[in-house]
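Just below is one structure, and these are the notes that go with it.
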Amino acid sequence: MRRKAKNISLLLVYSLVVFVLGSAMFFTQAMKREASLILKEAPEMVVQRIMCGRYEPISLDYLNKIRKIRGVISADFRLWGYYYDPAAGSNYTLMVPRNKPPLRGNIIIGNGIARNRMLFREDILSFRGYNGLNHNFIVEDIMSYESELLSADLILISEEDFRDFFGLPSEVATDIVATVRNQKELITIANKISELLPDTRPIIRDEMIRTYDAVFDWRGGILIVLVSMALLSFVIFAWEKASGLSAEERREIGILKAIGWETSDVIAIKTYEGAIVSFFSFCTGLLLAYGHVFFSSAFLFAQALKGWSVLYPDFRITPYIDPYQVAVLFLLTVVPYTVATVVPSWRSAIIDPDSVMRS
Amino acid sequence: MIRLLNVRKGFNLAKPNEFIAVSEVTLTIEANRITVFKGPSGSGKTTLLSLIGCMARPTSGRIELMDNLPFINGILPNDGKTDRLEVTSLPERFLTEIRRRMFGFIFQQFNLIKGITVLENIMLPSYPLGRKHSLVKERAHTLMDTFGIGTRASAKVEWLSGGEAQRVAIARALMNDPPVIIADEPTAHLDSKLSIEFMEIISGLKEQGKTVIIASHDPLVFEAGMIDRIINVRDGMLYGNGT
C-alpha cells in the first residue's frame with residue numbers, strides 16, 4: 001500500500017464513521033424489531049378509562065358490557081402500576097399476571113431489580129405502600145435473562161397484595177384487555193366500545209406497535225442527527241484527503257499520461273484505489289458496528305437509546321440486519337467518498353502530458 | 001521518418017507573458033539514426049521533443065510520421081491507405097495511442113513512480129494495451145536482464161542508485177517495443193562513467209533498429225561517436241545542419 005500514513009488515517013476515520021452510523025442503524029432497527037416481536041404477544045385491544053383527558057382506573061362493571069359486544073371472544077381486567085423505589089432511585093412496574101400469580105406475600109422480580117438491589121431468592125424486599133405502611137415481600141423467583149428488555153424493572157405480584165399495596169378498591173382495575181374473533185373487525189369493535197362506554201379509550205395492538213416504532217425512531221433520530229454531523233465532517237475530511245492531490249500525485253498522473261495512459265485509465269485506477277479504501281473501511285466499520293450492537297449490547301449508545309426505565313436493561317439483542325439500511329449506509333459513505341476521489345483525479349488527469357517534460 | 005513543417009509552439013498566447021518556445025521549425029528526422037538536439041537550457045529542445053512525441057500540439061505547422069505506421073495499424077482512421085500520417089490534427093485519444101505504441105520516453109528526472117517496485121514501474125506502459133499479464137511480465141524480466149537490473153526487480157525504485165534508476169527508465173521506455181526512443185537530457189543526473197554507459201546502451205538500441213532522438217547540452221552525449229546527427233537549437237530555432 002502506497003502513502004501509508006494518508007491511507008491509514010483515511011481508513012480509520014472512514015471506519016469510525018461507518019461504525020457510528022452503522023451502530024445507530026443496527027441498534028434502532030433491532031430494538032424496533034425486538035419491541036414489535038414482544039408486542040405481537042400483546043393483547044389485541046386494551047381498554048382504558050379516561051377522566052379529564054387522563055387515565056383513571058376502570059370499573060369492573062365494564063367487563064360484562066364489553067363481553068356482550070358481538071365479536072368479542074373474551075375480556076379480562078389487568079392490574080399494573082408503577083412504584084418509585086427511593087432506595088434504588090428506580091421506577092418499578094408492578095403487575096398481576098393472568099397466569100400463575102405468585103402466592104400472597106411473594107413477588108417475582110426482574111433481573112434489573114435483582115442486580116440493582118443485590119437480591120436473591122427468598123430475600124425480603126420492603127416497599128412503602130400508599131398509606132405509608134411498609135409491605136414486606138419475599139422474592140419467590142427472578143425472571144430469566146432473555147426477557148430483560150421489557151422485564152428489567154418488572155415485579156409480578158398477587159392481586160390481593162397489589163390492591164393492598166396501592167389501595168386499589170376491588171371493584172376497579174387498571175385496564176381491560178379484549179380479544180376479538182375477526183381481526184378485521186378490531187376497529188369496528190373499538191368504535192362500538194367507544195360508543196357504548198364513552199369515557200373509555202380502546203387501544204389496538206397496531207397502535208401500540210406504531211408508538212414503539214415512533215419512540216425508537218425518535219431515539220434513533222437523535223443519534224442520526226449527531227451522526228450526520230460526523231458524516232458531514234467526514235465528507236469534508238474525505239474531500240481534503242482524497243481530493244487534495246499532492247504535487248507528487250499530480251506528477252505521477254503526468255508520468256502515466258506521458259507513457260501512454262489515457263485520462264480514462266488514470267481515472268479508473270484512482271477510482272479502484274478509492275473503491276478499495278472505501279470498501280475495506282465500509283466492511284470494517286460495519287463489522288465493528290455489528291459486534292458493538294449485537295455482541296456488546298451497544299454499550300456506547302445503550303444509555304441514550306434503550307428503555308424508558310431508570311434500570312437500563314442489560315440484555316443481548318438478537319442479530320438482525322435490514323439490507324435496505326445497509327444499502328443506505330453504503331450510499332451515504334461510499335458514494336460521497338468515491339466522488340471526492342474521482343472528481344479531482346479527473347481534473348488532474350486532463351492536464352497535458354508534456355507538463356511532466358517541463359517539470 | 002518524422003517530418004516537421006513550419007512548426008511553431010507558443011505558450012500564454014495573446015497574454016502579456018506570451019512566449020514562443022519553437023519558431024518555424026522545418027526538419028526531417030531519419031529513421032534508425034541517433035539525432036541529438038543540442039542547445040542551452042531554455043532553447044526549446046524539450047518543447048521540440050514534446051511535439052515530436054505527440055505530448056503536445058504545435059500552435060501552427062504540421063508533424064508527419066512516415067515510417068513504422070504498421071505499429072499503429074488498427075487504431076487510426078485511414079489505416080493502410082496512406083504512407084504518411086499527419087498527427088497534429090488527430091484527437092487526443094489517437095495521440096495517446098500513438099504515444100504508447102510509437103514512442104518510448106526517457107525523462108531528465110527519470111520520472112519513476114515511487115512506492116512501487118522496479119518490475120511494476122517497467123510494466124506500467126503496457127497496462128493500457130491490455131496485454132496478457134504473464135507475457136508483459138516476461139518482457140519486463142527480459143529487459144531487466146538486458147540492462148543488468150534483474151536482481152532489483154522487487155526493489156522499490158527509491159532505493160535505487162542513479163545508474164540503476166536510469167536503466168529502469170530505459171527499460172520502461174522499451175516496454176512496448178516502440179520504434180522511436182525520445183530522451184530528454186538523459187545524462188543530466190549521471191556522472192561521466194554512467195553517462196558513457198548510457199550512450200553505449202543507446203548505441204545498442206540503434207543497432208536494434210530504433211530511432212533515437214535526444215535533447216542534451218552534455219558534451220559526453222553530442223560528442224559520442226555513435227551520434228549520427230546533431231541539430232543546434234537556440235531561441236526556438238534551428239541552426240547549422242538542422243534544416
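Following the order of the C-alpha cells, chains are lettered A, B, ..., residues in each are numbered from 1, and ligands are numbered from 1.
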Problem set entry | Contact residues (chain B, partner chain A, 10 Å, only C-alpha atoms) as a PyMOL selection string | chain B and resi 46-47+49-51+53-57+92-116+124-129+172-173+176+184
For this session: Please identify all polymer residues within 8 Å of Glu185 (chain B), counting only C-alpha atoms, omitting same-chain residues fewer than 4 positions from it, and present them as a count of residues only.
Result: 7
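Using only C-alpha atoms, the nearest neighbour of Ile122 (chain B) within the list B:Ile2, B:Ala171, B:Leu85, B:Leu190 is B:Ala171.
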Exercise. In terms of the shortest atom-to-atom distance over only C-alpha atoms, which of A:Ile124, A:Gly129, A:Tyr320, A:Ile267 is closest to Phe294 (chain A)?
Worked result: A:Tyr320
Problem set entry | DSSP-assigned strand (DSSP E) among region 35-80 of chain A, expressed as an MDAnalysis selection string | chainID A and resid 45:51 54:56 58:59 72:80
For this session: Output as a PyMOL selection string all residues of region 155-339 of chain A that backbone DSSP marks as helix (DSSP H, G or I).
Result: chain A and resi 159-166+183-196+205-243+247-258+263-294+302-305+323-339
For the residues selected in the previous step, produce a file with C-alpha atoms as a compact mmCIF listing (two decimals), in the first residue's frame.
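What follows is the written file part_37.txt:
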# COMPACT_ATOMS: atom_id res chain seq x y z
CA GLU A 159 -53.92 -9.47 43.17
CA GLU A 160 -54.55 -9.16 46.89
CA ASP A 161 -51.10 -7.74 47.57
CA PHE A 162 -51.45 -5.37 44.64
CA ARG A 163 -54.74 -3.94 45.84
CA ASP A 164 -53.46 -3.67 49.42
CA PHE A 165 -50.25 -2.05 48.38
CA PHE A 166 -51.75 0.57 46.08
CA GLN A 183 -59.06 -9.30 13.29
CA LYS A 184 -60.62 -7.21 10.51
CA GLU A 185 -63.32 -6.15 12.92
CA LEU A 186 -60.93 -4.80 15.53
CA ILE A 187 -61.54 -1.18 14.57
CA THR A 188 -65.30 -1.69 14.35
CA ILE A 189 -65.35 -3.23 17.81
CA ALA A 190 -63.14 -0.47 19.16
CA ASN A 191 -65.67 2.04 17.79
CA LYS A 192 -68.55 0.09 19.40
CA ILE A 193 -66.75 0.20 22.78
CA SER A 194 -66.20 3.96 22.41
CA GLU A 195 -69.92 4.44 21.72
CA LEU A 196 -71.07 2.11 24.49
CA ARG A 205 -52.16 -3.52 19.15
CA ASP A 206 -51.15 -1.88 15.86
CA GLU A 207 -51.33 1.49 17.58
CA MET A 208 -49.00 0.25 20.30
CA ILE A 209 -46.54 -1.04 17.72
CA ARG A 210 -46.66 2.31 15.95
CA THR A 211 -45.96 4.10 19.23
CA TYR A 212 -42.96 1.89 19.94
CA ASP A 213 -41.73 2.48 16.42
CA ALA A 214 -42.09 6.20 16.89
CA VAL A 215 -40.28 6.10 20.23
CA PHE A 216 -37.32 4.20 18.81
CA ASP A 217 -37.35 6.21 15.60
CA TRP A 218 -37.18 9.32 17.69
CA ARG A 219 -34.35 7.97 19.80
CA GLY A 220 -32.57 6.77 16.66
CA GLY A 221 -33.29 10.15 15.09
CA ILE A 222 -31.36 11.99 17.78
CA LEU A 223 -28.39 9.82 17.12
CA ILE A 224 -28.76 10.10 13.36
CA VAL A 225 -28.65 13.90 13.65
CA LEU A 226 -25.45 13.68 15.65
CA VAL A 227 -24.03 11.13 13.28
CA SER A 228 -24.98 13.26 10.28
CA MET A 229 -22.69 15.92 11.64
CA ALA A 230 -19.94 13.31 11.89
CA LEU A 231 -20.76 12.30 8.34
CA LEU A 232 -20.50 15.86 7.12
CA SER A 233 -17.13 16.24 8.81
CA PHE A 234 -16.13 13.01 7.13
CA VAL A 235 -17.14 14.28 3.70
CA ILE A 236 -15.03 17.39 4.28
CA PHE A 237 -12.18 15.22 5.53
CA ALA A 238 -12.50 12.85 2.58
CA TRP A 239 -12.57 15.75 0.16
CA GLU A 240 -9.49 17.21 1.76
CA LYS A 241 -7.60 13.92 1.90
CA ALA A 242 -8.73 12.15 -1.21
CA SER A 243 -9.14 15.14 -3.39
CA ALA A 247 2.23 17.62 -6.08
CA GLU A 248 3.66 14.09 -6.06
CA GLU A 249 0.35 12.58 -7.16
CA ARG A 250 -0.07 15.18 -9.88
CA ARG A 251 3.41 14.38 -11.10
CA GLU A 252 2.57 10.68 -11.15
CA ILE A 253 -0.56 11.32 -13.19
CA GLY A 254 1.58 13.37 -15.60
CA ILE A 255 4.06 10.50 -15.93
CA LEU A 256 1.32 7.97 -16.58
CA LYS A 257 -0.18 10.18 -19.27
CA ALA A 258 3.24 10.75 -20.85
CA THR A 263 -7.34 10.13 -18.97
CA SER A 264 -9.87 7.32 -18.52
CA ASP A 265 -7.11 4.87 -17.48
CA VAL A 266 -5.92 7.31 -14.82
CA ILE A 267 -9.45 7.92 -13.53
CA ALA A 268 -10.10 4.18 -13.49
CA ILE A 269 -7.02 3.46 -11.39
CA LYS A 270 -7.85 6.32 -9.00
CA THR A 271 -11.41 5.00 -8.72
CA TYR A 272 -10.14 1.50 -7.92
CA GLU A 273 -7.82 2.98 -5.33
CA GLY A 274 -10.72 4.92 -3.76
CA ALA A 275 -13.07 1.96 -4.04
CA ILE A 276 -10.64 -0.38 -2.26
CA VAL A 277 -10.14 2.07 0.63
CA SER A 278 -13.86 2.74 0.66
CA PHE A 279 -14.98 -0.86 0.57
CA PHE A 280 -12.45 -2.03 3.12
CA SER A 281 -13.37 0.78 5.53
CA PHE A 282 -17.08 0.17 4.98
CA CYS A 283 -16.73 -3.53 5.78
CA THR A 284 -14.52 -2.84 8.81
CA GLY A 285 -16.91 -0.21 10.16
CA LEU A 286 -19.92 -2.42 9.54
CA LEU A 287 -18.36 -5.45 11.24
CA LEU A 288 -17.35 -3.33 14.23
CA ALA A 289 -20.87 -1.90 14.41
CA TYR A 290 -22.32 -5.41 14.23
CA GLY A 291 -20.06 -6.58 17.05
CA HIS A 292 -20.78 -3.46 19.07
CA VAL A 293 -24.55 -3.76 18.79
CA PHE A 294 -25.09 -7.49 18.87
CA ALA A 302 -27.38 1.95 25.14
CA GLN A 303 -27.86 4.65 27.75
CA ALA A 304 -29.24 7.03 25.17
CA LEU A 305 -31.31 4.63 23.15
CA PRO A 323 -30.40 -4.98 3.76
CA TYR A 324 -32.13 -1.73 2.84
CA GLN A 325 -30.42 0.07 5.71
CA VAL A 326 -27.03 -1.38 4.79
CA ALA A 327 -27.60 -0.11 1.24
CA VAL A 328 -28.46 3.35 2.58
CA LEU A 329 -25.34 3.37 4.71
CA PHE A 330 -23.30 2.29 1.70
CA LEU A 331 -24.73 5.13 -0.38
CA LEU A 332 -24.14 7.65 2.40
CA THR A 333 -20.48 6.80 2.77
CA VAL A 334 -19.04 5.11 -0.30
CA VAL A 335 -20.65 7.40 -2.88
CA PRO A 336 -19.50 10.73 -1.36
CA TYR A 337 -16.01 9.32 -0.92
CA THR A 338 -15.81 7.98 -4.46
CA VAL A 339 -16.95 11.34 -5.84
For this session: Excluding region 5-12 of chain B and any residue of its chain fewer than 4 positions from it, enumerate the residues within 6 Å of it, using only C-alpha atoms, and give them as a ChimeraX atom specification.
Result: /B:18-26,58-62
Export of prior selection with C-alpha atoms as an mmCIF file, in the first residue's frame:
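Written file, part26.cif:
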data_model
loop_
_atom_site.group_PDB
_atom_site.id
_atom_site.type_symbol
_atom_site.label_atom_id
_atom_site.label_comp_id
_atom_site.auth_asym_id
_atom_site.auth_seq_id
_atom_site.Cartn_x
_atom_site.Cartn_y
_atom_site.Cartn_z
ATOM 1 C CA GLU B 18 3.420 35.216 -24.247
ATOM 2 C CA PHE B 19 6.376 33.024 -25.027
ATOM 3 C CA ILE B 20 7.344 31.352 -28.290
ATOM 4 C CA ALA B 21 9.301 28.178 -27.469
ATOM 5 C CA VAL B 22 9.645 26.832 -31.005
ATOM 6 C CA SER B 23 9.601 29.031 -34.042
ATOM 7 C CA GLU B 24 9.014 27.945 -37.660
ATOM 8 C CA VAL B 25 10.927 24.677 -37.474
ATOM 9 C CA THR B 26 11.119 22.555 -40.577
ATOM 10 C CA PRO B 58 2.031 22.786 -32.186
ATOM 11 C CA THR B 59 0.401 26.200 -32.305
ATOM 12 C CA SER B 60 0.820 26.026 -36.066
ATOM 13 C CA GLY B 61 2.545 23.801 -38.607
ATOM 14 C CA ARG B 62 2.394 20.075 -39.280
#
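The shortest atom-to-atom distance to Thr187 (chain B), with only C-alpha atoms taken into account, belongs to B:Gln166 out of B:Ser203, B:Ser43, B:Thr146, B:Gln166.
Taking CA of Ser36 (chain A) and CA of Ile321 (chain A) as the two end points, the separation is 15.2 Å.
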